$ cat final-v5.cif   # mmCIF, C-alpha atoms
data_entry
loop_
_atom_site.label_atom_id
_atom_site.label_comp_id
_atom_site.auth_asym_id
_atom_site.auth_seq_id
_atom_site.Cartn_x
_atom_site.Cartn_y
_atom_site.Cartn_z
CA MET G 1 -9.65 -61.09 0.75
CA VAL G 2 -8.17 -57.67 1.33
CA PRO G 3 -8.30 -55.59 -1.89
CA PHE G 4 -4.88 -54.54 -3.21
CA GLY G 5 -5.54 -50.81 -2.60
CA ASN G 6 -6.43 -51.43 1.03
CA LEU G 7 -3.31 -53.53 1.44
CA VAL G 8 -1.20 -50.66 0.08
CA MET G 9 -2.89 -48.27 2.50
CA ILE G 10 -2.22 -50.61 5.43
CA PHE G 11 1.47 -50.38 4.45
CA VAL G 12 1.13 -46.58 4.22
CA GLY G 13 -0.25 -46.63 7.78
CA LEU G 14 2.65 -48.82 8.91
CA GLY G 15 5.04 -46.42 7.12
CA LEU G 16 3.59 -43.43 8.95
CA MET G 17 3.92 -45.24 12.27
CA TYR G 18 7.51 -46.17 11.39
CA LEU G 19 8.30 -42.48 10.72
CA ALA G 20 6.64 -41.54 14.01
CA ILE G 21 8.26 -44.19 16.20
CA LYS G 22 11.64 -44.79 14.60
CA LYS G 23 12.39 -41.36 13.10
CA GLU G 24 10.28 -39.33 15.57
CA TYR G 25 8.73 -37.27 12.74
CA GLU G 26 5.79 -35.46 14.37
CA PRO G 27 4.99 -38.61 16.38
CA THR G 28 2.04 -37.09 18.26
CA LEU G 29 0.12 -36.77 14.99
CA LEU G 30 1.64 -39.35 12.66
CA LEU G 31 1.20 -42.21 15.13
CA PRO G 32 -2.60 -41.86 15.53
CA ILE G 33 -2.95 -41.05 11.81
CA GLY G 34 -0.97 -44.17 10.88
CA PHE G 35 -2.92 -46.38 13.26
CA SER G 36 -6.33 -45.19 12.09
CA THR G 37 -5.16 -45.58 8.46
CA ILE G 38 -4.79 -49.29 9.18
CA LEU G 39 -8.16 -49.43 10.94
CA VAL G 40 -10.10 -47.78 8.11
CA ASN G 41 -8.56 -49.97 5.42
CA ILE G 42 -9.65 -53.27 6.91
CA PRO G 43 -12.63 -54.30 4.76
CA GLY G 44 -15.94 -53.92 6.62
CA SER G 45 -14.20 -52.21 9.55
CA SER G 46 -16.68 -50.99 12.16
CA VAL G 47 -14.74 -47.76 12.65
CA LEU G 48 -16.35 -46.50 9.42
CA ASP G 49 -20.05 -46.14 8.54
CA GLN G 50 -21.51 -49.47 7.41
CA ILE G 51 -24.90 -50.26 5.97
CA VAL G 52 -26.10 -53.61 7.33
CA ASP G 53 -29.48 -54.90 6.10
CA GLY G 54 -30.30 -51.41 4.86
CA VAL G 55 -29.60 -49.85 8.28
CA LEU G 56 -26.79 -47.33 8.72
CA HIS G 57 -24.42 -48.14 11.56
CA ARG G 58 -22.26 -45.12 12.30
CA GLY G 59 -18.54 -45.73 12.52
CA VAL G 60 -16.75 -44.13 15.44
CA LEU G 61 -14.10 -42.47 13.25
CA ASN G 62 -16.76 -40.98 10.97
CA ILE G 63 -18.43 -39.58 14.08
CA PHE G 64 -15.12 -38.10 15.29
CA PHE G 65 -14.64 -36.54 11.87
CA ASP G 66 -18.13 -35.04 11.74
CA VAL G 67 -17.93 -33.71 15.29
CA GLY G 68 -14.36 -32.45 15.27
CA ILE G 69 -13.22 -31.66 11.74
CA SER G 70 -16.40 -30.77 9.85
CA THR G 71 -17.34 -28.37 12.62
CA GLU G 72 -13.71 -27.06 12.81
CA ILE G 73 -13.71 -27.67 16.57
CA PHE G 74 -10.56 -29.83 16.82
CA PRO G 75 -8.18 -27.43 15.03
CA LEU G 76 -9.58 -24.52 17.05
CA LEU G 77 -9.09 -26.35 20.35
CA ILE G 78 -5.53 -27.15 19.29
CA PHE G 79 -5.01 -23.41 18.82
CA ILE G 80 -5.89 -22.79 22.48
CA ALA G 81 -3.27 -25.36 23.41
CA ILE G 82 -0.63 -23.86 21.09
CA GLY G 83 -1.38 -20.34 22.35
CA SER G 84 -0.87 -21.45 25.92
CA MET G 85 2.59 -22.74 24.99
CA ILE G 86 3.83 -19.73 22.98
CA ASP G 87 6.14 -17.16 24.49
CA PHE G 88 5.90 -13.91 22.54
CA GLY G 89 8.80 -12.43 24.56
CA PRO G 90 11.40 -12.62 21.75
CA LEU G 91 8.99 -10.85 19.41
CA PHE G 92 8.83 -7.87 21.79
CA GLU G 93 12.63 -7.65 21.57
CA TYR G 94 12.63 -7.83 17.75
CA PRO G 95 9.22 -6.57 16.51
CA ILE G 96 10.62 -6.19 12.97
CA MET G 97 10.48 -9.99 12.76
CA PHE G 98 6.73 -9.63 12.30
CA LEU G 99 7.54 -8.82 8.66
CA PHE G 100 9.15 -12.20 8.14
CA GLY G 101 6.13 -13.88 9.68
CA ALA G 102 4.27 -12.49 6.66
CA ALA G 103 6.96 -12.80 3.99
CA ALA G 104 7.61 -16.49 4.65
CA GLN G 105 3.96 -17.32 3.90
CA PHE G 106 4.79 -16.74 0.22
CA GLY G 107 4.60 -20.49 -0.41
CA ILE G 108 0.88 -20.55 0.39
CA PHE G 109 0.00 -18.14 -2.38
CA ALA G 110 2.58 -19.27 -4.94
CA THR G 111 1.61 -22.93 -4.51
CA MET G 112 -2.06 -22.05 -4.84
CA VAL G 113 -1.32 -20.61 -8.29
CA VAL G 114 0.72 -23.70 -9.24
CA ALA G 115 -2.08 -26.00 -8.04
CA THR G 116 -4.56 -24.14 -10.24
CA LEU G 117 -2.13 -24.48 -13.12
CA VAL G 118 -2.04 -28.27 -12.78
CA GLY G 119 -5.83 -28.50 -12.81
CA PHE G 120 -7.18 -28.20 -9.26
CA ASP G 121 -10.17 -25.90 -8.76
CA ILE G 122 -9.66 -22.73 -6.75
CA LYS G 123 -10.91 -24.16 -3.43
CA GLN G 124 -8.77 -27.26 -3.74
CA ALA G 125 -5.82 -25.11 -4.82
CA ALA G 126 -6.21 -22.87 -1.76
CA SER G 127 -6.37 -25.95 0.48
CA ILE G 128 -3.18 -27.32 -1.09
CA GLY G 129 -1.47 -23.93 -0.88
CA ILE G 130 -2.17 -23.74 2.86
CA ILE G 131 0.28 -26.62 3.38
CA GLY G 132 2.78 -23.76 3.04
CA ALA G 133 1.48 -22.31 6.30
CA ALA G 134 3.67 -25.00 7.90
CA ASP G 135 0.93 -25.13 10.49
CA GLY G 136 -1.10 -28.34 10.77
CA PRO G 137 -4.24 -26.96 12.47
CA THR G 138 -4.52 -24.07 9.98
CA ALA G 139 -4.11 -26.49 7.07
CA ILE G 140 -6.84 -28.73 8.52
CA TYR G 141 -9.08 -25.71 9.18
CA VAL G 142 -8.86 -24.40 5.61
CA ALA G 143 -8.92 -27.81 3.88
CA GLY G 144 -11.80 -28.91 6.10
CA ARG G 145 -13.75 -25.90 4.89
CA PHE G 146 -12.88 -25.99 1.18
CA ALA G 147 -11.77 -29.49 0.18
CA LYS G 148 -12.71 -32.21 2.66
CA GLU G 149 -11.95 -34.84 0.01
CA LEU G 150 -8.27 -33.78 0.07
CA LEU G 151 -7.96 -33.47 3.83
CA GLY G 152 -6.03 -36.73 4.27
CA PRO G 153 -3.14 -36.09 1.87
CA ILE G 154 -3.02 -32.39 2.84
CA SER G 155 -2.69 -33.20 6.54
CA VAL G 156 -0.09 -35.88 5.91
CA ALA G 157 1.91 -33.47 3.71
CA ALA G 158 1.62 -30.61 6.22
CA TYR G 159 2.84 -32.65 9.19
CA SER G 160 5.48 -34.60 7.26
CA TYR G 161 7.14 -31.55 5.75
CA MET G 162 7.04 -29.72 9.07
CA SER G 163 9.25 -32.41 10.49
CA LEU G 164 11.44 -32.27 7.38
CA VAL G 165 12.20 -28.56 7.81
CA PRO G 166 15.82 -29.30 8.82
CA ILE G 167 16.28 -31.08 5.48
CA VAL G 168 14.22 -28.79 3.22
CA GLN G 169 15.32 -25.33 4.38
CA PRO G 170 19.17 -25.36 4.51
CA PRO G 171 19.82 -25.96 0.78
CA VAL G 172 17.35 -23.23 -0.22
CA ILE G 173 18.85 -20.77 2.29
CA LYS G 174 22.39 -21.54 1.17
CA ALA G 175 21.46 -21.20 -2.50
CA LEU G 176 19.99 -17.73 -1.94
CA THR G 177 22.57 -16.22 0.44
CA THR G 178 26.29 -15.62 0.40
CA SER G 179 28.58 -16.75 3.19
CA GLU G 180 29.08 -13.08 4.12
CA GLU G 181 25.32 -12.57 4.46
CA ARG G 182 24.98 -15.66 6.63
CA LYS G 183 27.62 -14.21 8.97
CA ILE G 184 25.69 -11.01 9.67
CA LYS G 185 25.23 -10.58 13.42
CA MET G 186 22.14 -9.16 15.05
CA ALA G 187 22.35 -6.74 17.97
CA LEU G 188 21.44 -8.57 21.15
CA SER G 189 18.54 -7.16 23.09
CA HIS G 190 18.09 -7.83 26.78
CA LYS G 191 15.29 -5.40 27.57
CA LYS G 192 12.51 -7.17 29.39
CA VAL G 193 8.88 -6.22 28.96
CA SER G 194 6.40 -5.87 31.78
CA LYS G 195 3.62 -8.31 32.53
CA THR G 196 1.12 -5.65 31.40
CA VAL G 197 2.59 -5.77 27.87
CA ARG G 198 2.33 -9.55 27.80
CA ILE G 199 -1.32 -9.40 28.90
CA ILE G 200 -2.40 -6.60 26.57
CA PHE G 201 -0.64 -8.12 23.54
CA PRO G 202 -2.93 -11.16 22.91
CA ILE G 203 -6.03 -9.04 23.49
CA ALA G 204 -4.83 -6.29 21.13
CA ILE G 205 -3.74 -8.76 18.43
CA THR G 206 -7.13 -10.49 18.60
CA ILE G 207 -9.02 -7.23 18.16
CA VAL G 208 -6.81 -5.82 15.38
CA ALA G 209 -6.49 -9.11 13.45
CA SER G 210 -10.21 -9.85 13.72
CA LEU G 211 -11.04 -6.40 12.43
CA LEU G 212 -8.60 -6.83 9.53
CA ALA G 213 -9.75 -10.37 8.67
CA PRO G 214 -13.02 -11.29 10.42
CA SER G 215 -12.85 -14.86 9.14
CA ALA G 216 -9.58 -15.26 11.04
CA ALA G 217 -11.30 -14.26 14.30
CA ALA G 218 -11.84 -17.84 15.45
CA LEU G 219 -8.30 -18.94 14.57
CA ILE G 220 -6.43 -15.96 15.97
CA GLY G 221 -8.89 -15.53 18.85
CA PHE G 222 -8.43 -19.08 20.13
CA LEU G 223 -4.65 -18.87 19.70
CA MET G 224 -4.49 -15.64 21.67
CA PHE G 225 -6.99 -16.84 24.26
CA GLY G 226 -4.63 -19.70 25.04
CA ASN G 227 -1.78 -17.22 25.35
CA LEU G 228 -3.84 -14.99 27.65
CA LEU G 229 -4.53 -17.96 29.93
CA LYS G 230 -0.77 -18.33 30.33
CA GLU G 231 0.20 -14.67 30.56
CA SER G 232 -2.59 -13.52 32.88
CA GLY G 233 -1.00 -15.55 35.68
CA VAL G 234 -4.34 -15.95 37.47
CA VAL G 235 -5.52 -19.18 35.84
CA ASN G 236 -2.42 -21.31 35.96
CA ALA G 237 -4.46 -24.48 36.31
CA LEU G 238 -6.35 -23.69 33.10
CA ALA G 239 -3.13 -22.78 31.28
CA LYS G 240 -1.54 -26.05 32.35
CA SER G 241 -4.64 -27.99 31.32
CA ALA G 242 -4.53 -26.33 27.89
CA GLN G 243 -0.82 -27.15 27.53
CA ASN G 244 -1.18 -30.76 28.61
CA GLU G 245 -4.59 -32.43 28.87
CA LEU G 246 -6.35 -30.40 26.17
CA ALA G 247 -3.41 -30.58 23.74
CA ASN G 248 -2.94 -34.31 24.26
CA LEU G 249 -6.60 -35.32 24.11
CA VAL G 250 -7.45 -33.24 21.05
CA THR G 251 -4.29 -34.39 19.29
CA ILE G 252 -5.36 -38.02 19.73
CA PHE G 253 -8.84 -37.36 18.31
CA LEU G 254 -7.50 -35.08 15.57
CA GLY G 255 -5.01 -37.71 14.42
CA LEU G 256 -7.58 -40.51 14.44
CA SER G 257 -10.10 -38.33 12.56
CA ILE G 258 -7.58 -37.40 9.87
CA GLY G 259 -6.62 -41.04 9.48
CA SER G 260 -10.25 -41.86 8.81
CA THR G 261 -9.92 -39.98 5.48
CA LEU G 262 -6.97 -42.10 4.36
CA THR G 263 -8.99 -44.84 2.70
CA ALA G 264 -7.67 -46.51 -0.45
CA GLU G 265 -10.28 -44.94 -2.73
CA LYS G 266 -9.59 -41.43 -1.40
CA PHE G 267 -5.81 -41.62 -1.08
CA LEU G 268 -4.54 -43.83 -3.90
CA ARG G 269 -5.03 -41.31 -6.67
CA PRO G 270 -2.57 -39.43 -8.88
CA GLN G 271 -3.63 -36.15 -7.23
CA THR G 272 -2.25 -37.39 -3.87
CA PHE G 273 1.23 -37.56 -5.40
CA LEU G 274 0.71 -34.05 -6.83
CA ILE G 275 -0.38 -32.75 -3.41
CA LEU G 276 2.69 -34.22 -1.69
CA LEU G 277 4.89 -32.68 -4.39
CA MET G 278 3.23 -29.29 -4.10
CA GLY G 279 3.53 -29.40 -0.32
CA LEU G 280 7.28 -29.65 -0.75
CA LEU G 281 7.17 -26.83 -3.26
CA ALA G 282 5.22 -24.70 -0.77
CA PHE G 283 7.93 -25.10 1.88
CA ILE G 284 10.64 -24.23 -0.67
CA PHE G 285 8.68 -21.14 -1.79
CA ASP G 286 8.16 -20.13 1.86
CA THR G 287 11.86 -20.31 2.60
CA ALA G 288 12.80 -18.46 -0.58
CA GLY G 289 10.12 -15.80 0.01
CA GLY G 290 11.37 -15.11 3.54
CA VAL G 291 15.05 -14.95 2.58
CA LEU G 292 14.49 -12.77 -0.49
CA PHE G 293 12.25 -10.40 1.46
CA ALA G 294 14.99 -9.98 4.09
CA LYS G 295 17.51 -9.25 1.34
CA PHE G 296 15.10 -6.70 -0.13
CA LEU G 297 14.73 -5.01 3.28
CA ASN G 298 18.52 -4.87 3.60
CA LEU G 299 18.61 -2.59 0.56
CA PHE G 300 17.02 0.12 2.74
CA LEU G 301 18.39 -0.67 6.21
CA ARG G 302 21.55 0.76 7.72
CA ASN G 303 21.84 -2.09 10.24
CA LYS G 304 21.55 -5.12 8.01
CA ILE G 305 19.45 -8.11 9.00
CA ASN G 306 20.80 -11.61 8.58
CA PRO G 307 18.66 -12.77 5.61
CA MET G 308 18.48 -16.32 6.95
CA LEU G 309 16.06 -14.97 9.57
CA GLY G 310 13.52 -14.51 6.78
CA ALA G 311 13.34 -18.29 6.46
CA ALA G 312 12.47 -18.61 10.16
CA GLY G 313 9.22 -16.77 9.45
CA ILE G 314 7.44 -20.04 8.74
CA SER G 315 5.21 -21.42 11.44
CA ALA G 316 7.10 -24.67 12.06
CA PHE G 317 8.14 -23.95 15.64
CA PRO G 318 10.83 -24.40 16.91
CA MET G 319 12.41 -26.42 14.08
CA SER G 320 12.91 -23.49 11.76
CA ALA G 321 14.52 -21.27 14.43
CA ARG G 322 16.87 -24.13 15.30
CA VAL G 323 17.84 -24.59 11.66
CA ILE G 324 18.79 -20.91 11.31
CA TYR G 325 20.68 -20.94 14.60
CA LYS G 326 22.62 -24.00 13.49
CA ILE G 327 23.57 -22.65 10.06
CA ALA G 328 24.66 -19.34 11.62
CA ARG G 329 26.90 -21.17 14.09
CA GLU G 330 28.39 -23.25 11.27
CA GLU G 331 29.34 -20.07 9.41
CA ASP G 332 30.58 -18.25 12.49
CA PRO G 333 30.65 -19.99 15.89
CA THR G 334 30.33 -16.61 17.64
CA ASN G 335 27.08 -15.72 15.89
CA TYR G 336 24.08 -16.38 18.16
CA LEU G 337 20.91 -15.92 16.12
CA LEU G 338 18.61 -17.98 18.31
CA MET G 339 16.55 -15.17 19.87
CA PRO G 340 15.79 -13.25 16.64
CA ALA G 341 15.15 -16.57 14.88
CA VAL G 342 12.67 -17.57 17.57
CA ALA G 343 11.05 -14.12 17.22
CA ALA G 344 10.63 -14.66 13.47
CA ASN G 345 9.32 -18.18 14.09
CA VAL G 346 6.73 -16.93 16.61
CA ALA G 347 5.72 -14.19 14.16
CA GLY G 348 5.27 -16.97 11.62
CA GLN G 349 2.70 -18.58 13.89
CA ILE G 350 0.63 -15.40 13.86
CA GLY G 351 1.30 -14.94 10.13
CA SER G 352 0.17 -18.43 9.18
CA VAL G 353 -3.09 -18.13 11.11
CA LEU G 354 -3.81 -14.74 9.58
CA ALA G 355 -2.91 -16.06 6.12
CA GLY G 356 -5.45 -18.85 6.63
CA GLY G 357 -8.13 -16.32 7.53
CA ILE G 358 -7.27 -14.06 4.60
CA LEU G 359 -7.37 -17.02 2.23
CA VAL G 360 -10.81 -18.03 3.52
CA ILE G 361 -12.17 -14.50 2.93
CA LEU G 362 -10.64 -14.14 -0.54
CA VAL G 363 -11.55 -17.59 -1.83
CA THR G 364 -15.10 -17.23 -0.53
CA SER G 365 -15.56 -13.77 -2.05
CA LEU G 366 -13.56 -14.11 -5.30
CA GLY G 367 -13.60 -17.85 -5.88
CA GLY G 368 -17.37 -18.34 -5.52
CA LYS G 369 -19.40 -19.77 -2.63
CA MET M 1 -9.04 -23.02 -16.67
CA ALA M 2 -7.80 -19.59 -17.80
CA SER M 3 -10.36 -17.77 -15.65
CA GLY M 4 -9.44 -20.03 -12.72
CA MET M 5 -5.80 -19.01 -13.16
CA VAL M 6 -6.71 -15.32 -13.25
CA ILE M 7 -8.72 -15.69 -10.03
CA ALA M 8 -5.89 -17.65 -8.38
CA ILE M 9 -3.33 -14.99 -9.31
CA LYS M 10 -5.68 -12.25 -8.10
CA ILE M 11 -6.21 -14.03 -4.77
CA ALA M 12 -2.47 -14.73 -4.42
CA ILE M 13 -1.39 -11.13 -5.01
CA THR M 14 -4.17 -9.61 -2.88
CA GLY M 15 -3.70 -12.16 -0.11
CA TYR M 16 0.06 -11.78 0.12
CA ALA M 17 -0.16 -7.99 0.00
CA LEU M 18 -2.86 -7.96 2.71
CA LEU M 19 -0.79 -10.24 4.89
CA ILE M 20 2.35 -8.11 4.56
CA ILE M 21 0.36 -4.93 5.29
CA SER M 22 -1.33 -6.54 8.31
CA LEU M 23 1.89 -7.77 9.85
CA PHE M 24 3.61 -4.46 9.04
CA ALA M 25 0.83 -2.81 11.05
CA PHE M 26 1.46 -5.28 13.90
CA TYR M 27 5.18 -4.48 13.74
CA VAL M 28 4.64 -0.72 13.98
CA LEU M 29 1.97 -1.01 16.70
CA THR M 30 4.05 -3.44 18.76
CA GLU M 31 7.17 -1.27 18.42
CA ILE M 32 5.27 1.83 19.60
CA PHE M 33 3.41 -0.05 22.33
CA VAL M 34 6.50 -1.75 23.77
CA LYS M 35 8.51 1.51 23.73
CA LEU M 36 5.66 3.38 25.39
CA MET M 37 5.22 0.76 28.09
CA ARG M 38 8.96 0.65 28.76
CA ARG M 39 9.01 4.44 29.13
CA LEU M 40 6.06 4.30 31.53
CA ASP M 41 7.77 1.56 33.53
CA GLU M 42 10.97 3.61 33.74
CA LYS M 43 9.02 6.69 34.94
CA LYS M 44 7.26 4.57 37.52
CA LEU M 45 10.57 3.18 38.74
CA LYS M 46 12.08 6.68 38.96
CA ARG M 47 9.07 7.96 40.91
CA GLU M 48 9.32 5.04 43.32
CA HIS M 49 13.07 5.66 43.67
CA ILE M 50 12.51 9.35 44.50
CA GLN M 51 9.77 8.50 47.01
CA ASN M 52 11.98 5.94 48.72
CA SER M 53 14.94 8.29 48.97
#
$ encode --input "final-v5.cif" --output "structure tokens"
Amino acid sequence: MVPFGNLVMIFVGLGLMYLAIKKEYEPTLLLPIGFSTILVNIPGSSVLDQIVDGVLHRGVLNIFFDVGISTEIFPLLIFIAIGSMIDFGPLFEYPIMFLFGAAAQFGIFATMVVATLVGFDIKQAASIGIIGAADGPTAIYVAGRFAKELLGPISVAAYSYMSLVPIVQPPVIKALTTSEERKIKMALSHKKVSKTVRIIFPIAITIVASLLAPSAAALIGFLMFGNLLKESGVVNALAKSAQNELANLVTIFLGLSIGSTLTAEKFLRPQTFLILLMGLLAFIFDTAGGVLFAKFLNLFLRNKINPMLGAAGISAFPMSARVIYKIAREEDPTNYLLMPAVAANVAGQIGSVLAGGILVILVTSLGGK
Amino acid sequence: MASGMVIAIKIAITGYALLIISLFAFYVLTEIFVKLMRRLDEKKLKREHIQNS
């Protein structure tokens, strides 16, 4: 007999796979997560640790989890892959977009406060807040460090809402901006930067960010190392391996490992519903924080910035940039905001990683070991 | 509960402020760096142009 809770979780796994296959919501992650959710909820499944005649038989998914998530290796390897895919070019054209990469992380901190308010302890609250980073590997990194017991629902929320950015962001943006503001055009920049700039940038960011937040050194360092592989131009084979083989292999193991935490006893709890709800809240706060910060900046700027760009400062790349581009074109078909939106989105990738590092330092020092 | 809230608010304000300051620093440094490199590239191009002509 399959217990009722396990049966529900098998349907949750099927649901995740449906979203991945039919709706194409983050399929690379939701498909392996959904499949391993089914595997771990079959009673006595050998993919999980089992004690037979008093002897512990290690389950393969528990081993994956211990090797890849508990040690933080999988999210860090994913950062090398992401770094090797990022093009910081648009950010060199619009460096001011760095500010939105910070402002749109507002959801992380606001949601952390809300999570504390509803009864989570500070480490769990920080792990829930990091869903607002809109960055799966960072969420897994922080939650894996502070609240392993919540890793399953946090990862599911992080990846699900990332794919729901086109649904979550537009109403918030439209509620906070006027039609006139949404029509603001940005000066187009066509100045190219030299290869030297592209090579020095990841090295400089690594050094400065690691000095500012040493606990972010691994996160930002691996991200920028991946980017350096690409930009150096001398290790194209390594860059391609990072973009393809490394990304694909680690994604498979990461997804399966996360799914191993989605057992009935860990997932079917009222707090899972709260986490999913707060994840949504985090994305709404992020969007609002970015837009309102842009409006605040406009009070002091002669050349106004389209405030929608503030919302592109979340890390969900390239969905958020596309959303802004689309809304701008709806308001005014001659308004091309794609490049500055991509710049803000890329800045959000740096911002989310740094926010994760800052959160780790602050929670460790202020929230107790 | 109350002390947990105070700590959470403290972390939230400090964290967000630190993040904005850090990325503001990145903005300023990148702006200066990119401008400087572009100027150097232009000078190099001019020098090459003069040498060629």
$ axis_aligned_box --input "final-v5.cif" --around "segment 9-27 of chain M" --padding-each-side "5 Å" --output "JSON"
{"center_x": -0.5, "center_y": -8.9, "center_z": 2.3, "size_x": 21.4, "size_y": 22.2, "size_z": 33.2}
$ resolve_selection --input "final-v5.cif" --expression "the PyMOL selection byres ((chain M) within 9 of (chain G))" --output "VMD selection string"
chain M and resid 1 to 2 4 to 5 7 to 16 18 to 24 26 to 28 30 to 31 33 to 34 37 to 38 41
$ write_last_selection --input "final-v5.cif" --atoms "C-alpha atoms" --output "PDB file, in the coordinates of the input"
ATOM      1  CA  MET M   1      -9.040 -23.020 -16.670  1.00  0.00           C
ATOM      2  CA  ALA M   2      -7.800 -19.590 -17.800  1.00  0.00           C
ATOM      3  CA  GLY M   4      -9.440 -20.030 -12.720  1.00  0.00           C
ATOM      4  CA  MET M   5      -5.800 -19.010 -13.160  1.00  0.00           C
ATOM      5  CA  ILE M   7      -8.720 -15.690 -10.030  1.00  0.00           C
ATOM      6  CA  ALA M   8      -5.890 -17.650  -8.380  1.00  0.00           C
ATOM      7  CA  ILE M   9      -3.330 -14.990  -9.310  1.00  0.00           C
ATOM      8  CA  LYS M  10      -5.680 -12.250  -8.100  1.00  0.00           C
ATOM      9  CA  ILE M  11      -6.210 -14.030  -4.770  1.00  0.00           C
ATOM     10  CA  ALA M  12      -2.470 -14.730  -4.420  1.00  0.00           C
ATOM     11  CA  ILE M  13      -1.390 -11.130  -5.010  1.00  0.00           C
ATOM     12  CA  THR M  14      -4.170  -9.610  -2.880  1.00  0.00           C
ATOM     13  CA  GLY M  15      -3.700 -12.160  -0.110  1.00  0.00           C
ATOM     14  CA  TYR M  16       0.060 -11.780   0.120  1.00  0.00           C
ATOM     15  CA  LEU M  18      -2.860  -7.960   2.710  1.00  0.00           C
ATOM     16  CA  LEU M  19      -0.790 -10.240   4.890  1.00  0.00           C
ATOM     17  CA  ILE M  20       2.350  -8.110   4.560  1.00  0.00           C
ATOM     18  CA  ILE M  21       0.360  -4.930   5.290  1.00  0.00           C
ATOM     19  CA  SER M  22      -1.330  -6.540   8.310  1.00  0.00           C
ATOM     20  CA  LEU M  23       1.890  -7.770   9.850  1.00  0.00           C
ATOM     21  CA  PHE M  24       3.610  -4.460   9.040  1.00  0.00           C
ATOM     22  CA  PHE M  26       1.460  -5.280  13.900  1.00  0.00           C
ATOM     23  CA  TYR M  27       5.180  -4.480  13.740  1.00  0.00           C
ATOM     24  CA  VAL M  28       4.640  -0.720  13.980  1.00  0.00           C
ATOM     25  CA  THR M  30       4.050  -3.440  18.760  1.00  0.00           C
ATOM     26  CA  GLU M  31       7.170  -1.270  18.420  1.00  0.00           C
ATOM     27  CA  PHE M  33       3.410  -0.050  22.330  1.00  0.00           C
ATOM     28  CA  VAL M  34       6.500  -1.750  23.770  1.00  0.00           C
ATOM     29  CA  MET M  37       5.220   0.760  28.090  1.00  0.00           C
ATOM     30  CA  ARG M  38       8.960   0.650  28.760  1.00  0.00           C
ATOM     31  CA  ASP M  41       7.770   1.560  33.530  1.00  0.00           C
TER      32      ASP M  41
END
$ residues_near_point --input "final-v5.cif" --point "(-4.6, -21.5, 31.6)" --cutoff "7 Å" --atoms "all atoms listed in the file" --output "ChimeraX atom specification"
/G:84,226,229-230,235-242
$ atom_distance --input "final-v5.cif" --atom1 "atom CA of Gly259 of chain G" --atom2 "atom CA of Leu219 of chain G"
22.7 Å
$ atom_distance --input "final-v5.cif" --atom1 "atom CA of Val142 of chain G" --atom2 "atom CA of Phe74 of chain G"
12.6 Å
$ resolve_selection --input "final-v5.cif" --expression "the PyMOL selection byres ((chain G and resi 255) around 12)" --output "MDAnalysis selection string"
chainID G and resid 16:17 26:37 61 64:65 68:69 74:75 78 136:137 140 151:152 155:156 159 247:254 256:262
